[in-house]
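Chemist: The following file, query21.pdb, comprises PDB, C-alpha atoms and all ligand atoms:
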```pdb
ATOM      1  CA  MET A  24      97.858  72.498 123.980
ATOM      2  CA  LYS A  25      95.379  71.254 126.549
ATOM      3  CA  ASN A  26      95.808  74.090 129.026
ATOM      4  CA  LYS A  27      95.654  76.888 126.564
ATOM      5  CA  SER A  28      93.413  79.778 127.506
ATOM      6  CA  VAL A  29      90.201  79.971 125.492
ATOM      7  CA  ILE A  30      90.491  83.742 125.329
ATOM      8  CA  ALA A  31      94.081  83.585 124.072
ATOM      9  CA  GLU A  32      93.012  81.100 121.432
ATOM     10  CA  ALA A  33      90.072  83.270 120.371
ATOM     11  CA  ASP A  34      92.494  86.170 120.041
ATOM     12  CA  ASP A  35      94.800  84.074 117.843
ATOM     13  CA  VAL A  36      91.879  83.033 115.653
ATOM     14  CA  ARG A  37      90.790  86.652 115.221
ATOM     15  CA  ARG A  38      94.322  87.661 114.225
ATOM     16  CA  ALA A  39      94.707  84.699 111.875
ATOM     17  CA  VAL A  40      91.446  85.623 110.122
ATOM     18  CA  GLU A  41      92.573  89.236 109.734
ATOM     19  CA  MET A  42      95.957  88.140 108.380
ATOM     20  CA  VAL A  43      94.398  85.707 105.887
ATOM     21  CA  GLN A  44      91.949  88.388 104.730
ATOM     22  CA  LEU A  45      94.950  90.643 104.069
ATOM     23  CA  GLY A  46      96.636  87.872 102.059
ATOM     24  CA  ALA A  47      99.092  86.325 104.561
ATOM     25  CA  ARG A  48     100.870  83.074 103.682
ATOM     26  CA  MET A  49     101.067  80.075 106.034
ATOM     27  CA  GLN A  50     104.611  80.833 107.229
ATOM     28  CA  MET A  51     103.490  84.146 108.655
ATOM     29  CA  LEU A  52     100.427  82.633 110.356
ATOM     30  CA  GLU A  53     102.557  79.915 111.967
ATOM     31  CA  VAL A  54     105.051  82.385 113.390
ATOM     32  CA  GLU A  55     102.532  84.950 114.594
ATOM     33  CA  THR A  56      99.935  82.700 116.252
ATOM     34  CA  ARG A  57     100.085  79.707 118.570
ATOM     35  CA  LEU A  58      97.448  77.815 116.590
ATOM     36  CA  SER A  59      98.164  74.370 115.163
ATOM     37  CA  ARG A  60      98.964  74.063 111.468
ATOM     38  CA  GLU A  61      95.771  72.043 111.066
ATOM     39  CA  LYS A  62      93.661  74.817 112.548
ATOM     40  CA  LEU A  63      95.407  77.459 110.481
ATOM     41  CA  LEU A  64      94.744  75.471 107.302
ATOM     42  CA  LYS A  65      91.059  75.320 108.230
ATOM     43  CA  ILE A  66      90.907  79.058 108.849
ATOM     44  CA  TYR A  67      92.710  79.742 105.585
ATOM     45  CA  LYS A  68      90.321  77.585 103.570
ATOM     46  CA  GLU A  69      87.258  79.004 105.275
ATOM     47  CA  VAL A  70      88.297  82.620 104.671
ATOM     48  CA  ARG A  71      89.663  82.315 101.133
ATOM     49  CA  GLY A  72      87.792  79.277  99.867
ATOM     50  CA  VAL A  73      91.005  77.604  98.615
ATOM     51  CA  SER A  74      94.058  75.887 100.087
ATOM     52  CA  PRO A  75      97.110  78.059 100.776
ATOM     53  CA  PRO A  76      99.926  78.031  98.202
ATOM     54  CA  LYS A  77     102.723  75.594  99.049
ATOM     55  CA  GLY A  78     106.428  76.256  99.202
ATOM     56  CA  MET A  79     108.798  78.570 100.981
ATOM     57  CA  LEU A  80     108.813  82.330 100.694
ATOM     58  CA  PRO A  81     111.419  83.192  98.061
ATOM     59  CA  PHE A  82     112.359  86.552  99.529
ATOM     60  CA  SER A  83     115.804  88.075  99.790
ATOM     61  CA  THR A  84     116.825  91.609 100.726
ATOM     62  CA  ASP A  85     117.687  92.287  97.067
ATOM     63  CA  TRP A  86     114.050  91.883  96.171
ATOM     64  CA  PHE A  87     113.244  95.013  98.137
ATOM     65  CA  MET A  88     115.751  97.093  96.191
ATOM     66  CA  THR A  89     114.274  96.947  92.696
ATOM     67  CA  TRP A  90     113.046 100.322  91.653
ATOM     68  CA  GLN A  91     109.254 100.369  91.772
ATOM     69  CA  PRO A  92     108.709  98.015  94.720
ATOM     70  CA  ASN A  93     111.227 100.054  96.716
ATOM     71  CA  VAL A  94     108.881 103.049  96.636
ATOM     72  CA  HIS A  95     106.128 100.866  98.074
ATOM     73  CA  TRP A  96     108.350  99.315 100.778
ATOM     74  CA  SER A  97     109.501 102.759 101.743
ATOM     75  CA  LEU A  98     105.954 104.026 102.063
ATOM     76  CA  PHE A  99     105.036 101.045 104.241
ATOM     77  CA  MET A 100     108.158 101.365 106.422
ATOM     78  CA  GLY A 101     107.409 105.059 106.965
ATOM     79  CA  PHE A 102     104.038 104.095 108.429
ATOM     80  CA  HIS A 103     105.590 101.268 110.431
ATOM     81  CA  ARG A 104     108.129 103.661 111.947
ATOM     82  CA  PHE A 105     105.312 106.003 112.842
ATOM     83  CA  PHE A 106     103.415 103.299 114.746
ATOM     84  CA  THR A 107     106.454 101.883 116.564
ATOM     85  CA  GLY A 108     108.141 105.247 117.159
ATOM     86  CA  ARG A 109     105.322 107.634 117.926
ATOM     87  CA  ALA A 110     102.247 105.561 118.721
ATOM     88  CA  GLY A 111     103.920 102.900 120.881
ATOM     89  CA  VAL A 112     102.474 100.011 118.862
ATOM     90  CA  GLN A 113     104.769  96.977 118.559
ATOM     91  CA  GLY A 114     105.149  93.632 116.831
ATOM     92  CA  LEU A 115     102.434  92.167 114.639
ATOM     93  CA  GLU A 116     100.005  94.936 115.582
ATOM     94  CA  ALA A 117     102.345  97.572 114.129
ATOM     95  CA  THR A 118     102.774  95.555 110.924
ATOM     96  CA  LEU A 119      99.009  95.133 110.484
ATOM     97  CA  LYS A 120      98.224  98.791 111.215
ATOM     98  CA  ALA A 121     100.947 100.008 108.868
ATOM     99  CA  TYR A 122      99.742  97.606 106.181
ATOM    100  CA  HIS A 123      96.151  98.860 106.472
ATOM    101  CA  LEU A 124      97.400 102.432 106.118
ATOM    102  CA  TYR A 125      99.565 101.439 103.142
ATOM    103  CA  LEU A 126      96.518  99.894 101.398
ATOM    104  CA  ASP A 127      94.440 103.017 102.113
ATOM    105  CA  HIS A 128      97.108 105.246 100.605
ATOM    106  CA  ILE A 129      97.643 103.065  97.552
ATOM    107  CA  GLU A 130      93.899 102.915  96.979
ATOM    108  CA  SER A 131      93.565 106.696  97.230
ATOM    109  CA  MET A 132      96.248 107.066  94.556
ATOM    110  CA  VAL A 133      94.474 104.521  92.297
ATOM    111  CA  VAL A 134      97.662 102.432  92.171
ATOM    112  CA  GLU A 135      97.763  98.626  92.432
ATOM    113  CA  PRO A 136      99.302  97.515  95.735
ATOM    114  CA  VAL A 137     102.688  95.909  95.060
ATOM    115  CA  LEU A 138     103.436  94.953  98.639
ATOM    116  CA  SER A 139     101.653  91.859  99.970
ATOM    117  CA  LEU A 140     101.160  91.489 103.724
ATOM    118  CA  THR A 141     103.612  88.575 103.870
ATOM    119  CA  ARG A 142     106.263  90.646 102.102
ATOM    120  CA  ALA A 143     105.591  93.578 104.432
ATOM    121  CA  TRP A 144     106.023  91.244 107.387
ATOM    122  CA  THR A 145     109.261  89.863 105.893
ATOM    123  CA  LEU A 146     110.480  93.417 105.367
ATOM    124  CA  VAL A 147     109.979  94.224 109.056
ATOM    125  CA  ARG A 148     111.909  91.068 109.976
ATOM    126  CA  PHE A 149     114.812  92.157 107.744
ATOM    127  CA  PHE A 150     114.821  95.500 109.571
ATOM    128  CA  ASP A 151     114.694  93.752 112.955
ATOM    129  CA  ALA A 152     117.675  91.637 111.890
ATOM    130  CA  ASP A 153     119.587  94.792 110.835
ATOM    131  CA  MET A 154     119.777  93.638 107.214
ATOM    132  CA  LEU A 155     118.018  96.745 105.913
ATOM    133  CA  GLN A 156     117.842 100.392 106.922
ATOM    134  CA  LEU A 157     116.019 103.557 105.917
ATOM    135  CA  ALA A 158     118.186 106.060 104.057
ATOM    136  CA  ALA A 159     117.210 109.726 103.688
ATOM    137  CA  CYS A 160     117.249 111.005 100.109
ATOM    138  CA  THR A 161     119.370 114.151  99.904
ATOM    139  CA  SER A 162     117.182 115.433  97.076
ATOM    140  CA  CYS A 163     113.550 114.947  98.168
ATOM    141  CA  GLY A 164     114.011 114.232 101.881
ATOM    142  CA  GLY A 165     111.952 111.011 101.772
ATOM    143  CA  HIS A 166     113.200 107.894 103.565
ATOM    144  CA  PHE A 167     113.824 104.811 101.442
ATOM    145  CA  VAL A 168     114.668 101.178 102.116
ATOM    146  CA  ALA A 169     118.370 100.426 101.603
ATOM    147  CA  HIS A 170     120.826  97.647 102.476
ATOM    148  CA  ALA A 171     122.021  98.009 106.058
ATOM    149  CA  HIS A 172     125.693  98.383 105.292
ATOM    150  CA  ASP A 173     125.486 100.596 102.224
ATOM    151  CA  PRO A 174     126.824 104.107 102.782
ATOM    152  CA  VAL A 175     123.884 106.530 103.074
ATOM    153  CA  GLN A 176     125.738 109.834 102.836
ATOM    154  CA  GLY A 177     124.690 111.591  99.653
ATOM    155  CA  TYR A 178     121.993 108.952  99.019
ATOM    156  CA  VAL A 179     119.590 109.794  96.162
ATOM    157  CA  CYS A 180     116.387 107.748  95.863
ATOM    158  CA  GLY A 181     115.098 105.959  92.761
ATOM    159  CA  LEU A 182     112.431 108.615  92.157
ATOM    160  CA  CYS A 183     114.856 111.530  92.090
ATOM    161  CA  ASN A 184     117.280 109.481  90.014
ATOM    162  CA  MET A 185     114.724 107.564  87.992
ATOM    163  CA  PRO A 186     115.950 104.822  85.649
ATOM    164  CA  SER A 187     114.997 105.721  82.060
ATOM    165  CA  ARG A 188     112.969 102.528  81.570
ATOM    166  CA  ALA A 189     110.736 103.478  84.502
ATOM    167  CA  GLY A 190     109.155 106.455  82.761
ATOM    168  CA  SER A 191     107.548 109.123  84.907
ATOM    169  CA  SER A 192     103.855 108.383  85.117
ATOM    170  CA  ARG A 193     101.865 110.556  87.447
ATOM    171  CA  LYS A 194     100.951 107.591  89.623
ATOM    172  CA  LYS A 195     104.589 106.780  90.326
ATOM    173  CA  VAL A 196     105.351 110.382  91.148
ATOM    174  CA  ALA A 197     102.319 110.437  93.451
ATOM    175  CA  ALA A 198     103.659 107.353  95.246
ATOM    176  CA  GLY A 199     106.987 109.105  95.687
ATOM    177  CA  ARG A 200     105.374 112.197  97.114
ATOM    178  CA  ALA A 201     103.536 110.016  99.605
ATOM    179  CA  VAL A 202     106.883 108.595 100.778
ATOM    180  CA  ALA A 203     108.236 112.102 101.219
ATOM    181  CA  ARG A 204     105.110 113.063 103.176
ATOM    182  CA  THR A 205     105.476 110.180 105.624
ATOM    183  CA  ARG A 206     108.733 111.725 106.869
ATOM    184  CA  GLN A 207     106.619 114.404 108.493
ATOM    185  CA  THR A 208     104.698 111.888 110.561
ATOM    186  CA  ALA A 209     107.242 109.094 110.838
ATOM    187  CA  SER A 210     110.407 109.892 112.718
ATOM    188  CA  VAL A 211     113.440 107.857 111.776
TER     189      VAL A 211
HETATM  190 ZN    ZN A 301     114.404 111.416  96.429
END
```
I need this file expressed as structure tokens, please.

Modeler:
Amino acid sequence: MKNKSVIAEADDVRRAVEMVQLGARMQMLEVETRLSREKLLKIYKEVRGVSPPKGMLPFSTDWFMTWQPNVHWSLFMGFHRFFTGRAGVQGLEATLKAYHLYLDHIESMVVEPVLSLTRAWTLVRFFDADMLQLAACTSCGGHFVAHAHDPVQGYVCGLCNMPSRAGSSRKKVAAGRAVARTRQTASV
């Protein structure tokens, strides 16, 4: 990469640092920057003080369907739709902005974030590949992550049709309300 622009490289370094601070794994850094693996490893170690975890990302679309995480994915995707649909922000920038907003919301509700940045990024890729879609709940009106080819007519979300083992703690209900609220800002 002899002829690479210094400014472009500086930009990649800045993004890599931001992604590592937000908890990104190596796979995401390698796809989203043009930096060498060696350089990315150095950045990772410098920012987090340890080597990155090894191994592939064990994510499948089914992972995003389990009850509690689905509320979090849906909240994040609502923000992502807002940035790409209304604010004209695309690609990695939209993912990072939506993730920051997700963290802010989760923090304000005093709930532990369930969605890591790498998972959020994977989620967006599943949407881009038409493997997932947002389905509107006929009961609360919120938009929730669903498999792309599942029928969405008459869809009822996991909060309105809560599994008995999930209980109904106030925090979970608050997370659900936040999803419903994002429909006002995020067009689908
Ligand atoms: Zn609902």

Chemist: Name the residues in contact with A:Phe150 at a cut-off of 9 Å, using all atoms listed in the file, excluding same-chain residues fewer than 6 positions from it; report them as a PyMOL selection string.

Modeler: chain A and resi 156-157+171

Chemist: Any chance you could export the current selection's C-alpha atoms as a CSV table (one decimal), in the coordinates of the input?

Modeler:
```csv
chain,number,residue,atom,x,y,z
A,156,GLN,CA,117.8,100.4,106.9
A,157,LEU,CA,116.0,103.6,105.9
A,171,ALA,CA,122.0,98.0,106.1
```

Chemist: In the coordinates of the file, take the point (91.4, 84.7, 104.4) and a cut-off of 7 Å; then, counting all atoms listed in the file, name each qualifying protein, DNA or RNA residue as a list in words.

Modeler: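 Within 7 Å of (91.4, 84.7, 104.4), the protein and nucleic acid residues are Val40, Met42, Val43, Gln44, Leu45, Gly46, Tyr67, Val70 and Arg71 of chain A.
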
Chemist: Would you mind exporting the chosen residues as a compact mmCIF listing (two decimals), in the frame of the given file, restricted to C-alpha atoms?

Modeler:
```txt
# COMPACT_ATOMS: atom_id res chain seq x y z
CA VAL A 40 91.45 85.62 110.12
CA MET A 42 95.96 88.14 108.38
CA VAL A 43 94.40 85.71 105.89
CA GLN A 44 91.95 88.39 104.73
CA LEU A 45 94.95 90.64 104.07
CA GLY A 46 96.64 87.87 102.06
CA TYR A 67 92.71 79.74 105.58
CA VAL A 70 88.30 82.62 104.67
CA ARG A 71 89.66 82.32 101.13
```

Chemist: Using all atoms listed in the file, find the one residue out of A:Tyr122, A:Asn93, A:Val134, A:Ile129 that sits nearest to ligand ZN 301 (chain A).

Modeler: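 Nearest to ligand ZN 301 (chain A): A:Asn93.
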
Chemist: Give me, please, the distance in Å between atom CA of A:Ser28 and atom CA of A:Glu55, quoted to one decimal.

Modeler: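 Going from atom CA of A:Ser28 over to atom CA of A:Glu55, I get 16.6 Å.
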
Chemist: Draw an axis-aligned box over all listed atoms of stretch 136-151 of chain A, pad each side with 6 Å, and write its centre and edge lengths in Å, one decimal, as AutoDock Vina command-line options.

Modeler:
```
--center_x 107.1 --center_y 93.0 --center_z 104.0 --size_x 27.5 --size_y 20.9 --size_z 29.9
```

Chemist: May I have the residues within 10 Å of ligand ZN 301 (chain A), computed using all atoms listed in the file, as an NGL selection string?

Modeler: :A and (159-167 or 178-185 or 199-200 or 202-203)

Chemist: Would you list the contacts of A:Glu69 as number ranges by chain, taking every protein, DNA or RNA residue within 12 Å and counting all atoms listed in the file, but skipping same-chain residues closer than 4 positions in sequence?

Modeler: A: 39-40, 43-44, 62-65, 73-75

Chemist: Please indicate the distance in Å from atom CA of A:Leu52 to atom CA of A:Arg148, rounded to one decimal place.

Modeler: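 Pair atom CA of A:Leu52 / atom CA of A:Arg148 returns 14.3 Å.
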
Chemist: Taking only C-alpha atoms into account, which of A:Pro174, A:Gly78, A:Pro92, A:Gly72 comes nearest A:Val137?

Modeler: A:Pro92
